[in-house]
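Chemist: Next up, entry-v3.txt (compact mmCIF, N, CA and C atoms).
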```txt
# COMPACT_ATOMS: atom_id res chain seq x y z
N MET A 165 -24.79 -9.44 -22.45
CA MET A 165 -23.37 -9.77 -22.48
C MET A 165 -22.52 -8.54 -22.24
N ARG A 166 -21.47 -8.72 -21.55
CA ARG A 166 -20.55 -7.61 -21.31
C ARG A 166 -19.74 -7.33 -22.56
N SER A 167 -19.50 -6.07 -22.80
CA SER A 167 -18.60 -5.71 -23.89
C SER A 167 -17.26 -5.34 -23.29
N ARG A 168 -16.22 -5.47 -24.06
CA ARG A 168 -14.88 -5.17 -23.57
C ARG A 168 -14.49 -3.72 -23.86
N LYS A 169 -15.39 -2.95 -24.37
CA LYS A 169 -15.15 -1.54 -24.66
C LYS A 169 -15.20 -0.72 -23.38
N ASN A 170 -14.29 0.22 -23.26
CA ASN A 170 -14.35 1.15 -22.13
C ASN A 170 -15.25 2.31 -22.53
N GLU A 171 -16.47 2.24 -22.05
CA GLU A 171 -17.39 3.31 -22.38
C GLU A 171 -17.43 4.31 -21.25
N THR A 172 -17.50 5.57 -21.59
CA THR A 172 -17.62 6.61 -20.57
C THR A 172 -19.05 7.12 -20.57
N TYR A 173 -19.53 7.37 -19.39
CA TYR A 173 -20.89 7.85 -19.24
C TYR A 173 -20.85 9.23 -18.59
N THR A 174 -21.78 10.06 -18.95
CA THR A 174 -21.81 11.42 -18.41
C THR A 174 -22.31 11.40 -16.97
N PHE A 175 -22.03 12.48 -16.29
CA PHE A 175 -22.46 12.64 -14.90
C PHE A 175 -23.99 12.58 -14.81
N GLU A 176 -24.66 13.23 -15.73
CA GLU A 176 -26.13 13.26 -15.71
C GLU A 176 -26.72 11.87 -15.90
N PHE A 177 -26.12 11.09 -16.83
CA PHE A 177 -26.60 9.74 -17.09
C PHE A 177 -26.42 8.87 -15.84
N LYS A 178 -25.25 8.94 -15.21
CA LYS A 178 -25.00 8.15 -14.00
C LYS A 178 -25.99 8.51 -12.90
N LEU A 179 -26.21 9.83 -12.72
CA LEU A 179 -27.12 10.29 -11.68
C LEU A 179 -28.54 9.79 -11.97
N HIS A 180 -28.95 9.82 -13.24
CA HIS A 180 -30.28 9.35 -13.65
C HIS A 180 -30.43 7.85 -13.34
N VAL A 181 -29.39 7.06 -13.66
CA VAL A 181 -29.45 5.61 -13.42
C VAL A 181 -29.51 5.32 -11.92
N VAL A 182 -28.73 6.03 -11.13
CA VAL A 182 -28.73 5.81 -9.68
C VAL A 182 -30.09 6.17 -9.10
N GLU A 183 -30.66 7.28 -9.54
CA GLU A 183 -31.99 7.69 -9.05
C GLU A 183 -33.06 6.67 -9.46
N LEU A 184 -32.93 6.12 -10.68
CA LEU A 184 -33.87 5.08 -11.11
C LEU A 184 -33.77 3.86 -10.19
N TYR A 185 -32.55 3.45 -9.87
CA TYR A 185 -32.37 2.28 -9.02
C TYR A 185 -32.94 2.53 -7.63
N LEU A 186 -32.67 3.72 -7.08
CA LEU A 186 -33.12 4.01 -5.72
C LEU A 186 -34.64 4.22 -5.64
N SER A 187 -35.24 4.71 -6.71
CA SER A 187 -36.68 5.00 -6.67
C SER A 187 -37.53 3.79 -7.04
N THR A 188 -36.99 2.87 -7.82
CA THR A 188 -37.76 1.68 -8.19
C THR A 188 -37.14 0.46 -7.53
N GLU A 189 -37.85 -0.63 -7.52
CA GLU A 189 -37.34 -1.86 -6.94
C GLU A 189 -36.90 -2.80 -8.05
N VAL A 190 -36.01 -2.32 -8.88
CA VAL A 190 -35.52 -3.10 -10.01
C VAL A 190 -34.13 -3.61 -9.66
N SER A 191 -33.79 -4.80 -10.16
CA SER A 191 -32.45 -5.34 -9.90
C SER A 191 -31.44 -4.59 -10.78
N TYR A 192 -30.17 -4.75 -10.40
CA TYR A 192 -29.11 -4.10 -11.18
C TYR A 192 -29.12 -4.61 -12.62
N GLN A 193 -29.34 -5.91 -12.78
CA GLN A 193 -29.29 -6.50 -14.11
C GLN A 193 -30.44 -5.98 -14.99
N ASP A 194 -31.63 -5.92 -14.44
CA ASP A 194 -32.78 -5.41 -15.21
C ASP A 194 -32.59 -3.95 -15.57
N LEU A 195 -32.08 -3.19 -14.62
CA LEU A 195 -31.85 -1.77 -14.87
C LEU A 195 -30.78 -1.59 -15.95
N ALA A 196 -29.74 -2.40 -15.90
CA ALA A 196 -28.67 -2.31 -16.90
C ALA A 196 -29.22 -2.61 -18.29
N LEU A 197 -30.08 -3.60 -18.39
CA LEU A 197 -30.68 -3.92 -19.69
C LEU A 197 -31.57 -2.79 -20.19
N SER A 198 -32.33 -2.18 -19.28
CA SER A 198 -33.28 -1.15 -19.70
C SER A 198 -32.58 0.15 -20.13
N VAL A 199 -31.46 0.49 -19.51
CA VAL A 199 -30.79 1.75 -19.86
C VAL A 199 -29.67 1.56 -20.87
N GLY A 200 -29.30 0.30 -21.16
CA GLY A 200 -28.29 0.04 -22.18
C GLY A 200 -26.86 -0.01 -21.65
N VAL A 201 -26.71 -0.31 -20.37
CA VAL A 201 -25.37 -0.47 -19.81
C VAL A 201 -25.05 -1.95 -19.85
N ASN A 202 -23.90 -2.31 -20.42
CA ASN A 202 -23.55 -3.72 -20.58
C ASN A 202 -22.88 -4.32 -19.35
N ASN A 203 -22.67 -3.53 -18.31
CA ASN A 203 -21.94 -3.99 -17.13
C ASN A 203 -22.75 -3.67 -15.87
N PRO A 204 -23.59 -4.59 -15.38
CA PRO A 204 -24.39 -4.33 -14.19
C PRO A 204 -23.58 -4.00 -12.94
N PRO A 205 -22.41 -4.61 -12.71
CA PRO A 205 -21.64 -4.22 -11.52
C PRO A 205 -21.21 -2.75 -11.54
N LEU A 206 -21.16 -2.16 -12.72
CA LEU A 206 -20.83 -0.74 -12.82
C LEU A 206 -21.92 0.09 -12.16
N ILE A 207 -23.16 -0.29 -12.35
CA ILE A 207 -24.27 0.42 -11.73
C ILE A 207 -24.19 0.23 -10.20
N THR A 208 -23.81 -0.96 -9.76
CA THR A 208 -23.64 -1.22 -8.33
C THR A 208 -22.60 -0.26 -7.75
N LYS A 209 -21.50 -0.11 -8.48
CA LYS A 209 -20.43 0.79 -8.02
C LYS A 209 -20.94 2.23 -7.95
N TRP A 210 -21.70 2.65 -8.96
CA TRP A 210 -22.23 4.02 -8.95
C TRP A 210 -23.14 4.23 -7.74
N VAL A 211 -24.00 3.26 -7.46
CA VAL A 211 -24.94 3.38 -6.34
C VAL A 211 -24.17 3.43 -5.02
N ASN A 212 -23.19 2.56 -4.84
CA ASN A 212 -22.41 2.56 -3.60
C ASN A 212 -21.64 3.87 -3.44
N ASP A 213 -21.02 4.35 -4.52
CA ASP A 213 -20.31 5.63 -4.45
C ASP A 213 -21.26 6.77 -4.10
N PHE A 214 -22.45 6.73 -4.68
CA PHE A 214 -23.45 7.77 -4.41
C PHE A 214 -23.87 7.74 -2.95
N ARG A 215 -24.04 6.55 -2.40
CA ARG A 215 -24.44 6.43 -0.99
C ARG A 215 -23.33 6.91 -0.05
N ILE A 216 -22.08 6.67 -0.41
CA ILE A 216 -20.95 7.04 0.45
C ILE A 216 -20.63 8.52 0.36
N ALA A 217 -20.47 9.03 -0.87
CA ALA A 217 -19.95 10.39 -1.04
C ALA A 217 -20.92 11.36 -1.70
N GLY A 218 -22.09 10.92 -2.02
CA GLY A 218 -23.06 11.82 -2.64
C GLY A 218 -22.86 11.93 -4.14
N PRO A 219 -23.58 12.85 -4.78
CA PRO A 219 -23.55 12.95 -6.24
C PRO A 219 -22.19 13.32 -6.82
N ASP A 220 -21.34 13.99 -6.03
CA ASP A 220 -20.02 14.36 -6.55
C ASP A 220 -19.16 13.15 -6.86
N ALA A 221 -19.45 12.02 -6.26
CA ALA A 221 -18.67 10.81 -6.52
C ALA A 221 -18.89 10.30 -7.94
N LEU A 222 -19.97 10.72 -8.56
CA LEU A 222 -20.27 10.27 -9.93
C LEU A 222 -19.62 11.15 -10.99
N ARG A 223 -19.06 12.26 -10.59
CA ARG A 223 -18.39 13.14 -11.55
C ARG A 223 -17.13 12.47 -12.08
N PRO A 224 -16.79 12.78 -13.34
CA PRO A 224 -15.56 12.17 -13.89
C PRO A 224 -14.32 12.67 -13.15
N LYS A 225 -13.38 11.76 -12.96
CA LYS A 225 -12.16 12.10 -12.24
C LYS A 225 -11.01 12.27 -13.22
N ARG A 226 -10.10 13.16 -12.86
CA ARG A 226 -8.93 13.35 -13.71
C ARG A 226 -8.03 12.14 -13.58
N LYS A 227 -7.44 11.75 -14.68
CA LYS A 227 -6.58 10.58 -14.66
C LYS A 227 -5.14 10.99 -14.88
N GLY A 228 -4.23 10.16 -14.45
CA GLY A 228 -2.81 10.43 -14.64
C GLY A 228 -2.21 11.03 -13.39
N ARG A 229 -0.94 11.36 -13.50
CA ARG A 229 -0.24 11.94 -12.36
C ARG A 229 -0.62 13.40 -12.17
N CYS A 230 -0.48 13.82 -10.95
CA CYS A 230 -0.72 15.23 -10.64
C CYS A 230 0.40 16.05 -11.23
N SER A 231 0.07 17.24 -11.68
CA SER A 231 1.11 18.11 -12.22
C SER A 231 1.96 18.61 -11.06
N LYS A 232 3.16 19.08 -11.38
CA LYS A 232 4.06 19.59 -10.35
C LYS A 232 3.41 20.77 -9.65
N VAL A 233 3.62 20.84 -8.38
CA VAL A 233 3.05 21.94 -7.61
C VAL A 233 3.86 23.19 -7.91
N SER A 234 3.18 24.20 -8.39
CA SER A 234 3.89 25.45 -8.69
C SER A 234 3.81 26.37 -7.48
N LYS A 235 4.80 27.20 -7.35
CA LYS A 235 4.81 28.15 -6.25
C LYS A 235 3.72 29.20 -6.48
N PRO A 236 3.04 29.59 -5.43
CA PRO A 236 2.01 30.62 -5.61
C PRO A 236 2.65 31.93 -6.04
N LYS A 237 1.94 32.61 -6.90
CA LYS A 237 2.46 33.89 -7.39
C LYS A 237 2.45 34.92 -6.26
N GLU A 238 3.49 35.70 -6.21
CA GLU A 238 3.61 36.69 -5.14
C GLU A 238 2.88 37.97 -5.54
N SER A 239 2.27 38.56 -4.56
CA SER A 239 1.61 39.84 -4.81
C SER A 239 2.61 40.96 -4.55
N LYS A 240 2.22 42.17 -4.85
CA LYS A 240 3.13 43.30 -4.69
C LYS A 240 3.51 43.51 -3.23
N SER A 241 2.58 43.27 -2.31
CA SER A 241 2.88 43.47 -0.89
C SER A 241 3.94 42.49 -0.42
N THR A 242 3.87 41.24 -0.88
CA THR A 242 4.89 40.28 -0.48
C THR A 242 6.22 40.61 -1.14
N ASN A 243 6.17 41.21 -2.33
CA ASN A 243 7.40 41.63 -2.99
C ASN A 243 8.13 42.67 -2.15
N ILE A 244 7.39 43.61 -1.60
CA ILE A 244 7.98 44.66 -0.77
C ILE A 244 8.57 44.04 0.48
N GLU A 245 7.84 43.07 1.07
CA GLU A 245 8.34 42.39 2.27
C GLU A 245 9.62 41.63 1.96
N THR A 246 9.65 40.95 0.82
CA THR A 246 10.86 40.18 0.49
C THR A 246 12.03 41.11 0.21
N VAL A 247 11.75 42.27 -0.39
CA VAL A 247 12.83 43.22 -0.64
C VAL A 247 13.38 43.72 0.68
N SER A 248 12.49 44.05 1.63
CA SER A 248 12.97 44.52 2.93
C SER A 248 13.67 43.39 3.67
N ASN A 249 13.16 42.16 3.55
CA ASN A 249 13.83 41.02 4.17
C ASN A 249 15.19 40.79 3.53
N ASN A 250 15.25 40.96 2.21
CA ASN A 250 16.52 40.79 1.51
C ASN A 250 17.53 41.84 1.94
N SER A 251 17.07 43.08 2.10
CA SER A 251 18.00 44.14 2.50
C SER A 251 18.49 43.90 3.94
N GLU A 252 17.58 43.42 4.81
CA GLU A 252 17.99 43.09 6.18
C GLU A 252 18.99 41.94 6.17
N TYR A 253 18.70 40.95 5.36
CA TYR A 253 19.58 39.79 5.26
C TYR A 253 20.95 40.21 4.71
N LEU A 254 20.93 41.09 3.72
CA LEU A 254 22.18 41.60 3.14
C LEU A 254 22.98 42.35 4.19
N LYS A 255 22.31 43.15 5.00
CA LYS A 255 22.98 43.89 6.07
C LYS A 255 23.60 42.92 7.07
N GLN A 256 22.88 41.87 7.44
CA GLN A 256 23.42 40.87 8.36
C GLN A 256 24.65 40.20 7.78
N LEU A 257 24.59 39.87 6.49
CA LEU A 257 25.73 39.23 5.84
C LEU A 257 26.94 40.15 5.81
N GLU A 258 26.70 41.44 5.54
CA GLU A 258 27.81 42.40 5.52
C GLU A 258 28.44 42.52 6.91
N ASP A 259 27.62 42.56 7.96
CA ASP A 259 28.14 42.62 9.33
C ASP A 259 28.96 41.38 9.66
N GLU A 260 28.44 40.23 9.30
CA GLU A 260 29.16 38.99 9.56
C GLU A 260 30.48 38.95 8.79
N ASN A 261 30.44 39.43 7.55
CA ASN A 261 31.65 39.49 6.73
C ASN A 261 32.71 40.37 7.39
N LEU A 262 32.30 41.51 7.89
CA LEU A 262 33.22 42.43 8.56
C LEU A 262 33.83 41.77 9.80
N LYS A 263 33.00 41.11 10.61
CA LYS A 263 33.50 40.43 11.80
C LYS A 263 34.51 39.34 11.43
N LEU A 264 34.22 38.60 10.39
CA LEU A 264 35.14 37.54 9.97
C LEU A 264 36.45 38.10 9.44
N ARG A 265 36.40 39.24 8.76
CA ARG A 265 37.64 39.88 8.29
C ARG A 265 38.50 40.34 9.47
N ILE A 266 37.85 40.90 10.47
CA ILE A 266 38.58 41.35 11.67
C ILE A 266 39.21 40.15 12.36
N GLU A 267 38.42 39.08 12.52
CA GLU A 267 38.94 37.88 13.16
C GLU A 267 40.11 37.30 12.38
N ASN A 268 40.00 37.29 11.06
CA ASN A 268 41.07 36.77 10.21
C ASN A 268 42.34 37.60 10.35
N ALA A 269 42.19 38.92 10.35
CA ALA A 269 43.35 39.79 10.51
C ALA A 269 43.99 39.58 11.88
N TYR A 270 43.19 39.42 12.91
CA TYR A 270 43.70 39.18 14.26
C TYR A 270 44.51 37.88 14.31
N LEU A 271 43.95 36.82 13.72
CA LEU A 271 44.64 35.53 13.74
C LEU A 271 45.94 35.57 12.95
N LYS A 272 45.93 36.30 11.82
CA LYS A 272 47.17 36.44 11.04
C LYS A 272 48.24 37.17 11.85
N GLU A 273 47.85 38.23 12.52
CA GLU A 273 48.81 39.00 13.33
C GLU A 273 49.32 38.14 14.48
N LEU A 274 48.46 37.37 15.12
CA LEU A 274 48.86 36.48 16.21
C LEU A 274 49.87 35.45 15.72
N ARG A 275 49.62 34.91 14.55
CA ARG A 275 50.55 33.94 13.98
C ARG A 275 51.91 34.57 13.69
N ARG A 276 51.87 35.78 13.13
CA ARG A 276 53.12 36.50 12.82
C ARG A 276 53.93 36.74 14.09
N LEU A 277 53.25 37.15 15.15
CA LEU A 277 53.94 37.40 16.42
C LEU A 277 54.54 36.12 17.00
N ARG A 278 53.82 35.01 16.92
CA ARG A 278 54.33 33.73 17.40
C ARG A 278 55.58 33.32 16.64
N LEU A 279 55.53 33.45 15.30
CA LEU A 279 56.69 33.09 14.49
C LEU A 279 57.89 33.98 14.83
N GLU A 280 57.61 35.25 15.04
CA GLU A 280 58.67 36.18 15.41
C GLU A 280 59.30 35.77 16.75
N GLU A 281 58.45 35.41 17.70
CA GLU A 281 58.92 34.99 19.02
C GLU A 281 59.74 33.71 18.93
N GLU A 282 59.28 32.77 18.09
CA GLU A 282 60.02 31.52 17.91
C GLU A 282 61.39 31.76 17.31
N THR A 283 61.47 32.60 16.32
CA THR A 283 62.77 32.89 15.71
C THR A 283 63.69 33.58 16.71
N LEU A 284 63.15 34.46 17.53
CA LEU A 284 63.94 35.13 18.55
C LEU A 284 64.49 34.12 19.56
N LEU A 285 63.64 33.18 19.99
CA LEU A 285 64.08 32.14 20.92
C LEU A 285 65.17 31.26 20.31
N LYS A 286 65.01 30.94 19.02
CA LYS A 286 66.03 30.14 18.35
C LYS A 286 67.38 30.85 18.34
N LYS A 287 67.36 32.13 18.05
CA LYS A 287 68.60 32.91 18.02
C LYS A 287 69.26 32.93 19.39
N GLN A 288 68.43 33.08 20.44
CA GLN A 288 68.98 33.10 21.80
C GLN A 288 69.61 31.75 22.15
N ARG A 289 68.94 30.67 21.78
CA ARG A 289 69.48 29.33 22.04
C ARG A 289 70.80 29.12 21.30
N GLU A 290 70.80 29.54 20.04
CA GLU A 290 72.02 29.37 19.24
C GLU A 290 73.18 30.17 19.83
N SER A 291 72.88 31.37 20.26
CA SER A 291 73.96 32.19 20.82
C SER A 291 74.46 31.64 22.15
N SER A 292 73.53 31.09 22.94
CA SER A 292 73.93 30.52 24.23
C SER A 292 74.73 29.24 24.03
N THR A 293 74.35 28.42 23.08
CA THR A 293 75.10 27.18 22.82
C THR A 293 76.45 27.51 22.18
N ALA A 294 76.51 28.53 21.39
CA ALA A 294 77.79 28.93 20.77
C ALA A 294 78.74 29.44 21.82
N SER A 295 78.26 30.18 22.79
CA SER A 295 79.14 30.71 23.83
C SER A 295 79.62 29.58 24.73
N GLU A 296 78.78 28.55 24.95
CA GLU A 296 79.20 27.43 25.76
C GLU A 296 80.30 26.65 25.07
N GLU A 297 80.21 26.50 23.75
CA GLU A 297 81.20 25.76 23.00
C GLU A 297 82.56 26.46 23.04
N THR A 298 82.59 27.75 22.95
CA THR A 298 83.85 28.49 22.97
C THR A 298 84.49 28.47 24.35
N SER A 299 83.67 28.39 25.39
CA SER A 299 84.21 28.36 26.75
C SER A 299 84.80 27.00 27.08
N ASN A 300 84.39 25.96 26.43
CA ASN A 300 84.93 24.63 26.70
C ASN A 300 86.20 24.43 26.03
```
For this file, produce the structure as structure tokens.

Modeler:
Amino acid sequence: MRSRKNETYTFEFKLHVVELYLSTEVSYQDLALSVGVNNPPLITKWVNDFRIAGPDALRPKRKGRCSKVSKPKESKSTNIETVSNNSEYLKQLEDENLKLRIENAYLKELRRLRLEEETLLKKQRESSTASEETSN
């Protein structure tokens, strides 16, 4: 009779049972009775796994979710490379910052000149319209 208990069997025991089945012409049920396994289909599964993947398939497997993948630890040589990469990156950022400051100053000056020109044009228009009004 099958038991409802989840029994775990060692790798050596599983390997021994599989070798017994393969070396003798015993049925799964007879073999299960002789070795004390209450679940003959379990022996079938062990034999099939052994035939497909070899003895490593009988080893116990870890259960549950995989742990989070951690970043590999950096060695000293990679630390030096990252420091040099960081300094190069910092230099690039400083250059870009300088270019953006120059561009910003240029655009501000351009805007100031446009506003100055607009105010000058307004004054000219006002003076020309004022002179026309006095002449009429």

Chemist: Write out as a VMD selection string all residues of chain A that DSSP puts in helix (DSSP H, G or I) for this structure's backbone.

Modeler: chain A and resid 175 to 187 192 to 199 204 to 217 219 to 222 240 to 299

Chemist: Could you tell me how far atom C of Thr283 in chain A lies from atom C of Ile266 in chain A, in Å and to one decimal?

Modeler: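 Value for the atom C of Thr283 in chain A-atom C of Ile266 in chain A distance: 25.7 Å.
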
Chemist: Could you jot down the CA of Ala221 in chain A to CA of Leu184 in chain A separation for me, Å, one decimal place?

Modeler: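 Interatomic distance here is 16.9 Å.
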
Chemist: Figure out the distance between atom C of Arg276 in chain A and atom C of Thr293 in chain A, please, to one decimal in Å.

Modeler: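 Between these atoms lies a distance of 25.6 Å.
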
Chemist: Between A:Leu264, A:Leu186, A:Leu274, A:Val247, which residue has the minimum interatomic distance to Thr208 in chain A, considering only C-alpha atoms?

Modeler: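 Using only C-alpha atoms, Thr208 in chain A sits closest to A:Leu186.
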
Chemist: Would you pick out the contacts of Trp210 in chain A at 7 Å or less, using only N, CA and C atoms, so that residues sharing its chain but fewer than 4 positions from it are not included, and give the list as a list of chain:residue names?

Modeler: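 Counting only N, CA and C atoms, the residues come to A:Val182, A:Pro205, A:Leu206, A:Phe214, A:Arg215, A:Leu222.
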
Chemist: Residues near range 224-234 of chain A, anyone? I mean within 8 Å using only N, CA and C atoms, not counting same-chain ones fewer than 4 positions away, as a ChimeraX atom specification.

Modeler: /A:173-175,220

Chemist: Residues proximal to (-27.6, -1.0, -9.0) were defined as those with any atom within 6.5 Å of that point in the file's coordinates, counting only N, CA and C atoms. Which are they, as a list of chain:residue names?

Modeler: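 Selection result: A:Tyr185, A:Ser191, A:Tyr192, A:Gln193, A:Pro204, A:Ile207, A:Thr208, A:Lys209, A:Val211.
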